[in-house]
$ cat query_9.csv   # CSV, C-alpha atoms
chain,number,residue,atom,x,y,z
A,1,MET,CA,3.9,8.6,-5.2
A,2,VAL,CA,6.1,11.7,-5.7
A,3,ILE,CA,5.4,14.5,-8.1
A,4,ASP,CA,8.3,16.5,-9.5
A,5,ILE,CA,7.4,20.1,-9.7
A,6,SER,CA,9.0,22.7,-12.0
A,7,ASP,CA,11.4,24.2,-9.4
A,8,GLY,CA,12.9,20.9,-8.5
A,9,ALA,CA,11.1,20.3,-5.2
A,10,ASP,CA,9.5,16.9,-4.5
A,11,LEU,CA,6.2,16.8,-2.8
A,12,PRO,CA,4.6,13.6,-1.4
A,13,VAL,CA,1.1,13.0,-2.7
A,14,SER,CA,-1.3,10.3,-1.4
A,15,GLY,CA,-3.4,8.6,-4.0
A,16,SER,CA,-3.0,7.2,-7.5
A,17,VAL,CA,-2.7,9.0,-10.8
A,18,GLU,CA,-6.3,8.0,-11.6
A,19,THR,CA,-7.5,9.7,-8.5
A,20,LEU,CA,-5.7,12.9,-9.4
A,21,THR,CA,-7.1,13.0,-12.9
A,22,GLN,CA,-10.7,12.6,-11.5
A,23,LEU,CA,-10.5,15.7,-9.4
A,24,PRO,CA,-12.4,18.6,-10.8
A,25,ALA,CA,-10.3,21.6,-11.9
A,26,LEU,CA,-10.8,24.9,-10.1
A,27,SER,CA,-11.5,28.0,-12.1
A,28,PRO,CA,-9.2,31.0,-11.5
A,29,ALA,CA,-12.2,32.9,-10.0
A,30,ALA,CA,-12.6,30.2,-7.3
A,31,VAL,CA,-9.1,30.6,-6.1
A,32,VAL,CA,-8.6,33.5,-3.8
A,33,GLU,CA,-5.0,34.3,-2.7
A,34,SER,CA,-4.2,36.7,0.1
A,35,PRO,CA,-0.8,38.4,0.3
A,36,ALA,CA,-0.3,37.0,3.8
A,37,SER,CA,-0.9,33.4,2.8
A,38,LYS,CA,0.7,33.4,-0.7
A,39,PRO,CA,3.6,30.9,-0.6
A,40,GLY,CA,6.9,31.8,-2.1
A,41,VAL,CA,9.1,29.5,-4.1
A,42,ASP,CA,11.3,28.7,-1.0
A,43,SER,CA,8.3,27.7,1.1
A,44,TYR,CA,8.4,24.2,-0.4
A,45,PHE,CA,11.7,23.5,1.5
A,46,PRO,CA,11.7,22.4,5.1
A,47,LEU,CA,11.7,25.3,7.6
A,48,ASN,CA,15.0,24.4,9.1
A,49,LEU,CA,16.7,25.0,5.7
A,50,MET,CA,15.2,28.4,5.0
A,51,SER,CA,17.6,30.4,7.2
A,52,ALA,CA,20.5,30.1,9.7
A,53,PHE,CA,21.4,31.9,12.8
A,54,PRO,CA,24.5,34.1,12.9
A,55,GLU,CA,27.7,32.3,13.5
A,56,ASP,CA,28.3,33.8,16.9
A,57,LEU,CA,24.9,32.3,18.1
A,58,GLU,CA,25.4,28.8,16.7
A,59,VAL,CA,26.7,25.8,18.7
A,60,SER,CA,30.2,24.8,17.8
A,61,ASP,CA,30.9,21.5,16.2
A,62,TYR,CA,32.8,20.4,19.3
A,63,CYS,CA,29.8,21.0,21.5
A,64,VAL,CA,27.5,19.2,19.0
A,65,ASP,CA,29.7,16.2,19.2
A,66,LEU,CA,29.5,16.2,23.0
A,67,LEU,CA,25.8,16.6,22.8
A,68,HIS,CA,25.6,13.6,20.5
A,69,VAL,CA,27.7,11.4,22.8
A,70,PHE,CA,25.6,12.5,25.8
A,71,GLY,CA,22.4,11.4,24.0
A,72,LEU,CA,23.9,8.0,23.3
A,73,ARG,CA,25.0,7.4,26.8
A,74,TYR,CA,21.8,8.7,28.2
A,75,VAL,CA,19.8,6.2,26.2
A,76,THR,CA,22.2,3.4,27.3
A,77,HIS,CA,21.9,4.2,31.0
A,78,ALA,CA,18.1,4.7,30.8
A,79,ASN,CA,17.7,1.4,29.1
A,80,CYS,CA,19.8,-0.3,31.7
A,81,LEU,CA,17.6,1.1,34.5
A,82,VAL,CA,14.5,-0.2,32.8
A,83,LEU,CA,15.9,-3.7,32.4
A,84,SER,CA,17.1,-3.7,36.0
A,85,ALA,CA,13.9,-2.5,37.6
A,86,ARG,CA,12.6,-5.9,38.7
A,87,PRO,CA,14.3,-7.5,40.5
A,88,VAL,CA,16.0,-4.4,41.5
A,89,LYS,CA,19.7,-4.4,40.3
A,90,VAL,CA,20.1,-0.8,39.2
A,91,CYS,CA,23.3,-0.3,41.2
A,92,GLN,CA,25.1,-3.5,40.3
A,93,ASN,CA,24.1,-3.6,36.7
A,94,CYS,CA,24.2,0.1,35.8
A,95,PHE,CA,27.1,1.7,37.6
A,96,SER,CA,29.3,1.5,34.5
A,97,SER,CA,26.8,3.3,32.2
A,98,TYR,CA,26.2,5.9,35.0
A,99,GLY,CA,29.9,6.6,35.2
A,100,ALA,CA,30.1,7.0,31.4
A,101,LEU,CA,27.2,9.4,31.5
A,102,LEU,CA,28.7,11.4,34.4
A,103,ASP,CA,32.0,11.7,32.5
A,104,ILE,CA,30.4,13.2,29.4
A,105,TYR,CA,28.3,15.6,31.5
A,106,THR,CA,31.4,16.7,33.3
A,107,ASN,CA,33.0,17.4,30.0
A,108,ILE,CA,30.0,19.6,29.0
A,109,SER,CA,29.7,21.5,32.2
A,110,GLU,CA,33.3,21.9,33.3
A,111,GLN,CA,35.9,21.0,30.6
A,112,VAL,CA,37.2,23.3,27.8
A,113,GLY,CA,37.6,22.0,24.3
A,114,PRO,CA,39.9,23.0,21.4
A,115,GLY,CA,40.3,26.7,21.0
A,116,ASN,CA,39.1,27.3,24.6
A,117,VAL,CA,35.6,26.3,23.6
A,118,SER,CA,33.2,25.9,26.6
A,119,CYS,CA,29.9,24.1,26.0
A,120,ARG,CA,28.4,24.9,29.4
A,121,ASP,CA,26.5,28.0,28.4
A,122,SER,CA,25.5,26.9,25.0
A,123,LEU,CA,24.2,23.4,26.0
A,124,LEU,CA,23.1,23.9,29.6
A,125,ARG,CA,22.0,27.5,30.1
A,126,SER,CA,21.0,28.8,26.7
A,127,ASP,CA,17.2,28.4,27.2
A,128,ARG,CA,14.6,28.2,29.9
A,129,LEU,CA,14.0,24.5,29.6
A,130,MET,CA,17.7,23.4,29.9
A,131,VAL,CA,17.0,19.9,28.5
A,132,VAL,CA,20.5,18.5,29.0
A,133,TYR,CA,20.6,19.6,32.6
A,134,LEU,CA,17.1,18.3,33.3
A,135,LEU,CA,17.8,14.9,31.8
A,136,HIS,CA,21.0,14.5,33.8
A,137,SER,CA,19.3,15.7,37.0
A,138,ASN,CA,16.6,13.1,36.7
A,139,LEU,CA,19.0,10.2,36.3
A,140,ASN,CA,21.2,11.5,39.1
A,141,ASP,CA,18.1,11.7,41.4
A,142,ILE,CA,17.5,8.0,40.7
A,143,TRP,CA,21.1,7.1,41.5
A,144,THR,CA,20.9,9.1,44.8
A,145,GLU,CA,17.5,7.7,45.9
A,146,SER,CA,18.7,4.2,45.2
A,147,GLY,CA,21.7,4.7,47.6
A,148,CYS,CA,24.0,3.3,44.9
A,149,GLU,CA,26.9,5.3,46.3
A,150,ASN,CA,26.9,2.9,49.3
A,151,CYS,CA,27.3,-0.2,47.1
A,152,VAL,CA,29.6,1.1,44.4
A,153,ALA,CA,33.2,2.3,44.7
A,154,LYS,CA,33.8,6.1,44.4
A,155,ASP,CA,35.5,5.7,41.1
A,156,LEU,CA,32.4,3.9,39.7
A,157,GLN,CA,34.6,1.1,38.5
A,158,SER,CA,33.4,-1.8,40.7
A,159,LEU,CA,31.2,-2.8,43.6
A,160,THR,CA,32.4,-2.4,47.2
A,161,ASN,CA,33.8,-5.4,49.2
A,162,ASP,CA,30.8,-5.4,51.5
A,163,THR,CA,28.4,-5.6,48.6
A,164,LEU,CA,30.4,-8.4,47.0
A,165,ASN,CA,30.4,-10.4,50.3
A,166,PHE,CA,26.6,-9.9,50.6
A,167,LEU,CA,26.0,-11.1,47.0
A,168,THR,CA,28.2,-14.1,47.7
A,169,ALA,CA,26.1,-15.1,50.8
A,170,LEU,CA,22.9,-14.3,48.9
A,171,ASN,CA,23.9,-16.7,46.1
A,172,GLN,CA,24.7,-19.4,48.5
A,173,SER,CA,21.2,-19.1,50.1
A,174,LEU,CA,19.4,-19.0,46.8
A,175,THR,CA,21.4,-21.9,45.5
A,176,CYS,CA,20.3,-23.9,48.5
A,177,PHE,CA,16.7,-22.9,48.1
A,178,GLU,CA,16.8,-24.0,44.4
A,179,LYS,CA,18.4,-27.3,45.3
A,180,TYR,CA,15.8,-28.4,47.9
A,181,GLN,CA,12.7,-26.5,46.6
A,182,PRO,CA,11.3,-29.4,44.5
A,183,GLY,CA,11.2,-31.7,47.5
A,184,ASN,CA,9.9,-31.3,51.0
A,185,HIS,CA,10.1,-27.8,52.4
A,186,SER,CA,10.9,-29.1,55.9
A,187,GLU,CA,14.1,-30.6,54.4
A,188,LEU,CA,14.9,-27.2,52.9
A,189,CYS,CA,14.5,-25.5,56.2
A,190,LYS,CA,17.0,-27.8,57.8
A,191,ALA,CA,19.5,-27.8,55.0
A,192,CYS,CA,19.5,-24.1,54.3
A,193,LYS,CA,19.3,-22.9,57.9
A,194,VAL,CA,23.0,-22.2,58.3
A,195,THR,CA,23.4,-20.2,55.1
A,196,TYR,CA,20.2,-18.2,55.6
A,197,ARG,CA,21.1,-17.4,59.1
A,198,GLY,CA,24.6,-16.2,58.0
A,199,LEU,CA,23.0,-14.0,55.3
A,200,ASN,CA,20.7,-12.4,58.0
A,201,GLU,CA,23.6,-11.8,60.3
A,202,LEU,CA,25.7,-10.2,57.6
A,203,TYR,CA,22.8,-7.9,56.5
A,204,SER,CA,22.3,-6.8,60.1
A,205,ARG,CA,26.0,-6.0,60.6
A,206,MET,CA,26.2,-3.9,57.4
A,207,GLY,CA,24.1,-1.0,58.6
A,208,LYS,CA,22.4,1.7,56.6
A,209,ASP,CA,25.6,3.3,55.5
A,210,HIS,CA,26.4,0.2,53.4
A,211,LEU,CA,23.0,-0.6,52.0
A,212,CYS,CA,21.6,0.3,48.6
A,213,ILE,CA,18.2,-0.6,47.0
A,214,ASP,CA,19.7,-3.7,45.4
A,215,ILE,CA,20.7,-5.2,48.8
A,216,GLU,CA,17.5,-4.1,50.6
A,217,ASP,CA,15.2,-5.5,47.9
A,218,ALA,CA,17.2,-8.8,47.7
A,219,MET,CA,17.0,-9.3,51.4
A,220,ASN,CA,13.3,-8.6,51.5
A,221,VAL,CA,12.6,-11.1,48.7
A,222,THR,CA,14.8,-13.7,50.4
A,223,ARG,CA,13.0,-13.3,53.7
A,224,ARG,CA,9.7,-13.6,52.0
A,225,LEU,CA,10.8,-16.8,50.4
A,226,TRP,CA,12.0,-18.2,53.7
A,227,SER,CA,9.0,-17.4,55.8
A,228,LYS,CA,6.0,-17.3,53.4
A,229,ASN,CA,6.8,-19.5,50.4
A,230,PHE,CA,8.8,-22.2,52.3
A,231,ASN,CA,7.1,-21.6,55.7
A,232,CYS,CA,10.5,-21.9,57.5
A,233,SER,CA,11.4,-20.6,60.9
A,234,PHE,CA,14.3,-21.0,63.3
A,235,PRO,CA,13.8,-23.9,65.9
A,236,GLN,CA,12.1,-23.0,69.2
A,237,GLU,CA,15.2,-23.7,71.4
A,238,GLU,CA,17.1,-21.0,69.5
A,239,THR,CA,14.5,-18.4,70.6
A,240,VAL,CA,14.7,-19.3,74.3
A,241,PRO,CA,17.9,-17.2,75.0
A,242,VAL,CA,16.3,-14.2,73.2
A,243,ILE,CA,13.2,-14.4,75.3
A,244,ALA,CA,15.2,-14.8,78.5
A,245,VAL,CA,17.3,-11.7,77.8
A,246,SER,CA,14.2,-9.7,76.7
A,247,SER,CA,12.5,-10.7,80.0
A,248,PHE,CA,15.5,-9.7,82.1
A,249,MET,CA,15.7,-6.3,80.3
A,250,LEU,CA,12.0,-5.8,80.9
A,251,PHE,CA,12.2,-6.5,84.7
A,252,LEU,CA,15.5,-4.7,85.1
A,253,PRO,CA,13.9,-1.2,85.9
A,254,ILE,CA,11.6,-2.8,88.5
A,255,ILE,CA,14.5,-4.5,90.2
A,256,PHE,CA,16.5,-1.3,90.2
A,257,TYR,CA,13.7,0.8,91.7
A,258,LEU,CA,12.9,-1.9,94.3
A,259,SER,CA,16.6,-2.2,95.4
A,260,SER,CA,16.8,1.6,95.6
A,261,PHE,CA,13.7,1.7,97.8
A,262,LEU,CA,15.0,-0.9,100.2
A,263,HIS,CA,18.4,0.7,100.4
A,264,SER,CA,16.9,4.1,101.2
A,265,GLU,CA,14.7,2.7,103.9
A,266,GLN,CA,17.6,1.0,105.6
A,267,LYS,CA,19.7,4.2,105.4
A,268,LYS,CA,16.8,6.1,107.0
A,269,ARG,CA,16.7,3.7,110.0
A,270,LYS,CA,20.4,4.2,110.6
A,271,LEU,CA,20.0,8.0,110.6
A,272,ILE,CA,17.1,7.9,113.1
A,273,HIS,CA,18.8,5.7,115.7
A,274,PRO,CA,21.7,8.2,116.8
A,275,LYS,CA,19.1,11.0,117.3
A,276,ARG,CA,17.2,8.9,119.8
A,277,ALA,CA,20.4,8.0,121.6
A,278,LYS,CA,21.4,11.7,121.8
A,279,SER,CA,18.0,12.8,123.1
A,280,ASN,CA,18.1,10.1,125.9
A,281,THR,CA,21.6,11.3,127.0
A,282,SER,CA,20.4,15.0,127.2
A,283,LEU,CA,17.4,13.9,129.3
A,284,MET,CA,19.7,12.1,131.7
A,285,ASN,CA,21.9,15.2,132.1
A,286,ILE,CA,18.9,17.4,132.9
A,287,GLN,CA,17.7,15.0,135.6
A,288,ASP,CA,21.2,14.9,137.2
A,289,LYS,CA,21.2,18.7,137.4
A,290,PHE,CA,17.9,18.8,139.2
A,291,SER,CA,18.9,16.1,141.6

$ encode --input "query_9.csv" --output "structure tokens"
Amino acid sequence: MVIDISDGADLPVSGSVETLTQLPALSPAAVVESPASKPGVDSYFPLNLMSAFPEDLEVSDYCVDLLHVFGLRYVTHANCLVLSARPVKVCQNCFSSYGALLDIYTNISEQVGPGNVSCRDSLLRSDRLMVVYLLHSNLNDIWTESGCENCVAKDLQSLTNDTLNFLTALNQSLTCFEKYQPGNHSELCKACKVTYRGLNELYSRMGKDHLCIDIEDAMNVTRRLWSKNFNCSFPQEETVPVIAVSSFMLFLPIIFYLSSFLHSEQKKRKLIHPKRAKSNTSLMNIQDKFS
């Protein structure tokens, strides 16, 4: 219910008319008004309508429009991050919304509007909290920590070729898993061995400079499905060359030091033999002199 007071202001009132009529009236002596708490006529209006800042301190309409656009794009990108949290697809799903947010923030921080109006100071540096800067910084930290720059092109318009190739190989493996999952898992291990091995090799060749959180999480989940859920592994004969090479590399230092030791011993023997021959020759010369 809303009561219309004499000066035109509308005040919300909880309760019915009957409840109001049952309230006891206060006598004038029971009401004590202090000059500090005595409301004026304008106090019935909201506080933000009572006064205005000087024009030179107010934010321009151009900056207000930029701030509104920033808010809309911030909400769009934040919503995309939440919906892409599990499974992690923040880079491949949200690079477009991140690019739009980055564009409007660049307009606020660097660009100049009509009449050489700059919104950097009024929107980014006008108070201690710096809300716009703080909001952008938080989302930018998420983008950096996710390593999305490794999977998204620099213009933020598409994914990189390496990322697209990995997603193609990933889809092939997952499609194979889905096809043979209802049946015997041993059949799945045989049928999907080639595609899964290709995915592993591709992931190993990419290196850290081409990985983002989307690829890392997808590979971890796929490996977990292969080994734990489906209990698959590569055949024993495929691991024999790996074991042979590992054993050779393990014993290589021992072979090296042993060959070095034998070579040094043989060289030492060659050096000692001429000395003995020379000493025998000298002894014979001395005997000839005395004789």

$ atom_distance --input "query_9.csv" --atom1 "CA of Asp209 (chain A)" --atom2 "CA of Leu139 (chain A)"
21.4 Å

$ atom_distance --input "query_9.csv" --atom1 "CA of Cys212 (chain A)" --atom2 "CA of Cys148 (chain A)"
5.3 Å

$ atom_distance --input "query_9.csv" --atom1 "CA of Gly147 (chain A)" --atom2 "CA of Leu81 (chain A)"
14.2 Å

$ closest_residue --input "query_9.csv" --among "A:Leu156, A:Leu167, A:Met249, A:Cys94" --to "Ala78 (chain A)" --atoms "all atoms listed in the file"
A:Cys94

$ closest_residue --input "query_9.csv" --among "A:Ile254, A:Cys63, A:Ile142, A:Leu135" --to "Val82 (chain A)" --atoms "all atoms listed in the file"
A:Ile142

$ residues_near_point --input "query_9.csv" --point "(30.5, 1.3, 37.8)" --cutoff "12 Å" --atoms "all atoms listed in the file" --output "list in words"
His77, Val90, Cys91, Gln92, Asn93, Cys94, Phe95, Ser96, Ser97, Tyr98, Gly99, Ala100, Leu101, Leu102, Asp103, Trp143, Cys148, Glu149, Cys151, Val152, Ala153, Lys154, Asp155, Leu156, Gln157, Ser158, Leu159 and Thr160 of chain A

$ decode --input "query_9.csv" --residues "region 65-77 of chain A" --atoms "all heavy atoms" --output "mmCIF file, in the first residue's frame"
data_model
loop_
_atom_site.group_PDB
_atom_site.id
_atom_site.type_symbol
_atom_site.label_atom_id
_atom_site.label_comp_id
_atom_site.auth_asym_id
_atom_site.auth_seq_id
_atom_site.Cartn_x
_atom_site.Cartn_y
_atom_site.Cartn_z
ATOM 1 N N ASP A 65 28.681 5.908 -21.262
ATOM 2 C CA ASP A 65 28.320 4.893 -22.258
ATOM 3 C C ASP A 65 29.378 3.796 -22.317
ATOM 4 O O ASP A 65 29.042 2.603 -22.407
ATOM 5 C CB ASP A 65 28.162 5.552 -23.627
ATOM 6 C CG ASP A 65 26.955 6.482 -23.688
ATOM 7 O OD1 ASP A 65 26.050 6.315 -22.845
ATOM 8 O OD2 ASP A 65 26.939 7.372 -24.555
ATOM 9 N N LEU A 66 30.660 4.174 -22.293
ATOM 10 C CA LEU A 66 31.728 3.171 -22.293
ATOM 11 C C LEU A 66 31.657 2.292 -21.047
ATOM 12 O O LEU A 66 31.872 1.080 -21.123
ATOM 13 C CB LEU A 66 33.094 3.854 -22.372
ATOM 14 C CG LEU A 66 33.470 4.526 -23.685
ATOM 15 C CD1 LEU A 66 34.886 5.090 -23.606
ATOM 16 C CD2 LEU A 66 33.365 3.557 -24.855
ATOM 17 N N LEU A 67 31.365 2.897 -19.925
ATOM 18 C CA LEU A 67 31.254 2.137 -18.688
ATOM 19 C C LEU A 67 30.105 1.131 -18.758
ATOM 20 O O LEU A 67 30.218 0.001 -18.269
ATOM 21 C CB LEU A 67 31.045 3.095 -17.507
ATOM 22 C CG LEU A 67 31.041 2.482 -16.107
ATOM 23 C CD1 LEU A 67 32.394 1.841 -15.811
ATOM 24 C CD2 LEU A 67 30.720 3.538 -15.060
ATOM 25 N N HIS A 68 29.015 1.531 -19.367
ATOM 26 C CA HIS A 68 27.865 0.629 -19.521
ATOM 27 C C HIS A 68 28.230 -0.558 -20.421
ATOM 28 O O HIS A 68 27.899 -1.715 -20.108
ATOM 29 C CB HIS A 68 26.683 1.400 -20.108
ATOM 30 C CG HIS A 68 25.467 0.562 -20.346
ATOM 31 N ND1 HIS A 68 24.717 0.013 -19.325
ATOM 32 C CD2 HIS A 68 24.883 0.153 -21.511
ATOM 33 C CE1 HIS A 68 23.718 -0.679 -19.838
ATOM 34 N NE2 HIS A 68 23.794 -0.608 -21.158
ATOM 35 N N VAL A 69 28.897 -0.290 -21.525
ATOM 36 C CA VAL A 69 29.315 -1.364 -22.437
ATOM 37 C C VAL A 69 30.305 -2.293 -21.738
ATOM 38 O O VAL A 69 30.237 -3.523 -21.893
ATOM 39 C CB VAL A 69 29.922 -0.773 -23.720
ATOM 40 C CG1 VAL A 69 30.459 -1.878 -24.620
ATOM 41 C CG2 VAL A 69 28.894 0.054 -24.472
ATOM 42 N N PHE A 70 31.218 -1.719 -20.963
ATOM 43 C CA PHE A 70 32.182 -2.546 -20.223
ATOM 44 C C PHE A 70 31.458 -3.488 -19.263
ATOM 45 O O PHE A 70 31.825 -4.664 -19.139
ATOM 46 C CB PHE A 70 33.152 -1.654 -19.447
ATOM 47 C CG PHE A 70 34.112 -2.424 -18.577
ATOM 48 C CD1 PHE A 70 35.288 -2.943 -19.107
ATOM 49 C CD2 PHE A 70 33.846 -2.631 -17.228
ATOM 50 C CE1 PHE A 70 36.170 -3.663 -18.312
ATOM 51 C CE2 PHE A 70 34.722 -3.346 -16.423
ATOM 52 C CZ PHE A 70 35.892 -3.868 -16.975
ATOM 53 N N GLY A 71 30.443 -2.991 -18.593
ATOM 54 C CA GLY A 71 29.688 -3.833 -17.663
ATOM 55 C C GLY A 71 29.000 -4.992 -18.362
ATOM 56 O O GLY A 71 29.009 -6.128 -17.874
ATOM 57 N N LEU A 72 28.408 -4.718 -19.513
ATOM 58 C CA LEU A 72 27.727 -5.781 -20.258
ATOM 59 C C LEU A 72 28.711 -6.851 -20.738
ATOM 60 O O LEU A 72 28.447 -8.051 -20.610
ATOM 61 C CB LEU A 72 26.984 -5.182 -21.450
ATOM 62 C CG LEU A 72 25.811 -4.242 -21.130
ATOM 63 C CD1 LEU A 72 25.219 -3.682 -22.413
ATOM 64 C CD2 LEU A 72 24.734 -4.964 -20.328
ATOM 65 N N ARG A 73 29.832 -6.402 -21.258
ATOM 66 C CA ARG A 73 30.822 -7.369 -21.767
ATOM 67 C C ARG A 73 31.508 -8.118 -20.633
ATOM 68 O O ARG A 73 31.898 -9.278 -20.804
ATOM 69 C CB ARG A 73 31.846 -6.648 -22.645
ATOM 70 C CG ARG A 73 31.233 -6.055 -23.912
ATOM 71 C CD ARG A 73 32.270 -5.451 -24.832
ATOM 72 N NE ARG A 73 31.661 -4.896 -26.032
ATOM 73 C CZ ARG A 73 32.332 -4.328 -27.031
ATOM 74 N NH1 ARG A 73 33.660 -4.248 -26.969
ATOM 75 N NH2 ARG A 73 31.699 -3.853 -28.083
ATOM 76 N N TYR A 74 31.667 -7.468 -19.500
ATOM 77 C CA TYR A 74 32.243 -8.155 -18.344
ATOM 78 C C TYR A 74 31.333 -9.297 -17.896
ATOM 79 O O TYR A 74 31.798 -10.412 -17.631
ATOM 80 C CB TYR A 74 32.446 -7.158 -17.200
ATOM 81 C CG TYR A 74 33.029 -7.773 -15.953
ATOM 82 C CD1 TYR A 74 34.410 -7.803 -15.750
ATOM 83 C CD2 TYR A 74 32.214 -8.326 -14.972
ATOM 84 C CE1 TYR A 74 34.956 -8.370 -14.611
ATOM 85 C CE2 TYR A 74 32.747 -8.898 -13.830
ATOM 86 C CZ TYR A 74 34.118 -8.914 -13.652
ATOM 87 O OH TYR A 74 34.648 -9.484 -12.522
ATOM 88 N N VAL A 75 30.045 -9.026 -17.813
ATOM 89 C CA VAL A 75 29.091 -10.054 -17.404
ATOM 90 C C VAL A 75 29.081 -11.207 -18.411
ATOM 91 O O VAL A 75 29.038 -12.391 -18.034
ATOM 92 C CB VAL A 75 27.686 -9.441 -17.253
ATOM 93 C CG1 VAL A 75 26.647 -10.529 -17.025
ATOM 94 C CG2 VAL A 75 27.669 -8.447 -16.102
ATOM 95 N N THR A 76 29.136 -10.878 -19.700
ATOM 96 C CA THR A 76 29.135 -11.917 -20.736
ATOM 97 C C THR A 76 30.352 -12.831 -20.606
ATOM 98 O O THR A 76 30.240 -14.061 -20.664
ATOM 99 C CB THR A 76 29.107 -11.271 -22.125
ATOM 100 O OG1 THR A 76 27.930 -10.463 -22.257
ATOM 101 C CG2 THR A 76 29.114 -12.340 -23.213
ATOM 102 N N HIS A 77 31.528 -12.223 -20.429
ATOM 103 C CA HIS A 77 32.743 -13.034 -20.335
ATOM 104 C C HIS A 77 32.791 -13.837 -19.036
ATOM 105 O O HIS A 77 33.181 -15.008 -19.036
ATOM 106 C CB HIS A 77 33.970 -12.127 -20.428
ATOM 107 C CG HIS A 77 35.272 -12.872 -20.425
ATOM 108 N ND1 HIS A 77 35.591 -13.823 -21.364
ATOM 109 C CD2 HIS A 77 36.340 -12.821 -19.577
ATOM 110 C CE1 HIS A 77 36.794 -14.318 -21.124
ATOM 111 N NE2 HIS A 77 37.263 -13.744 -20.043
#
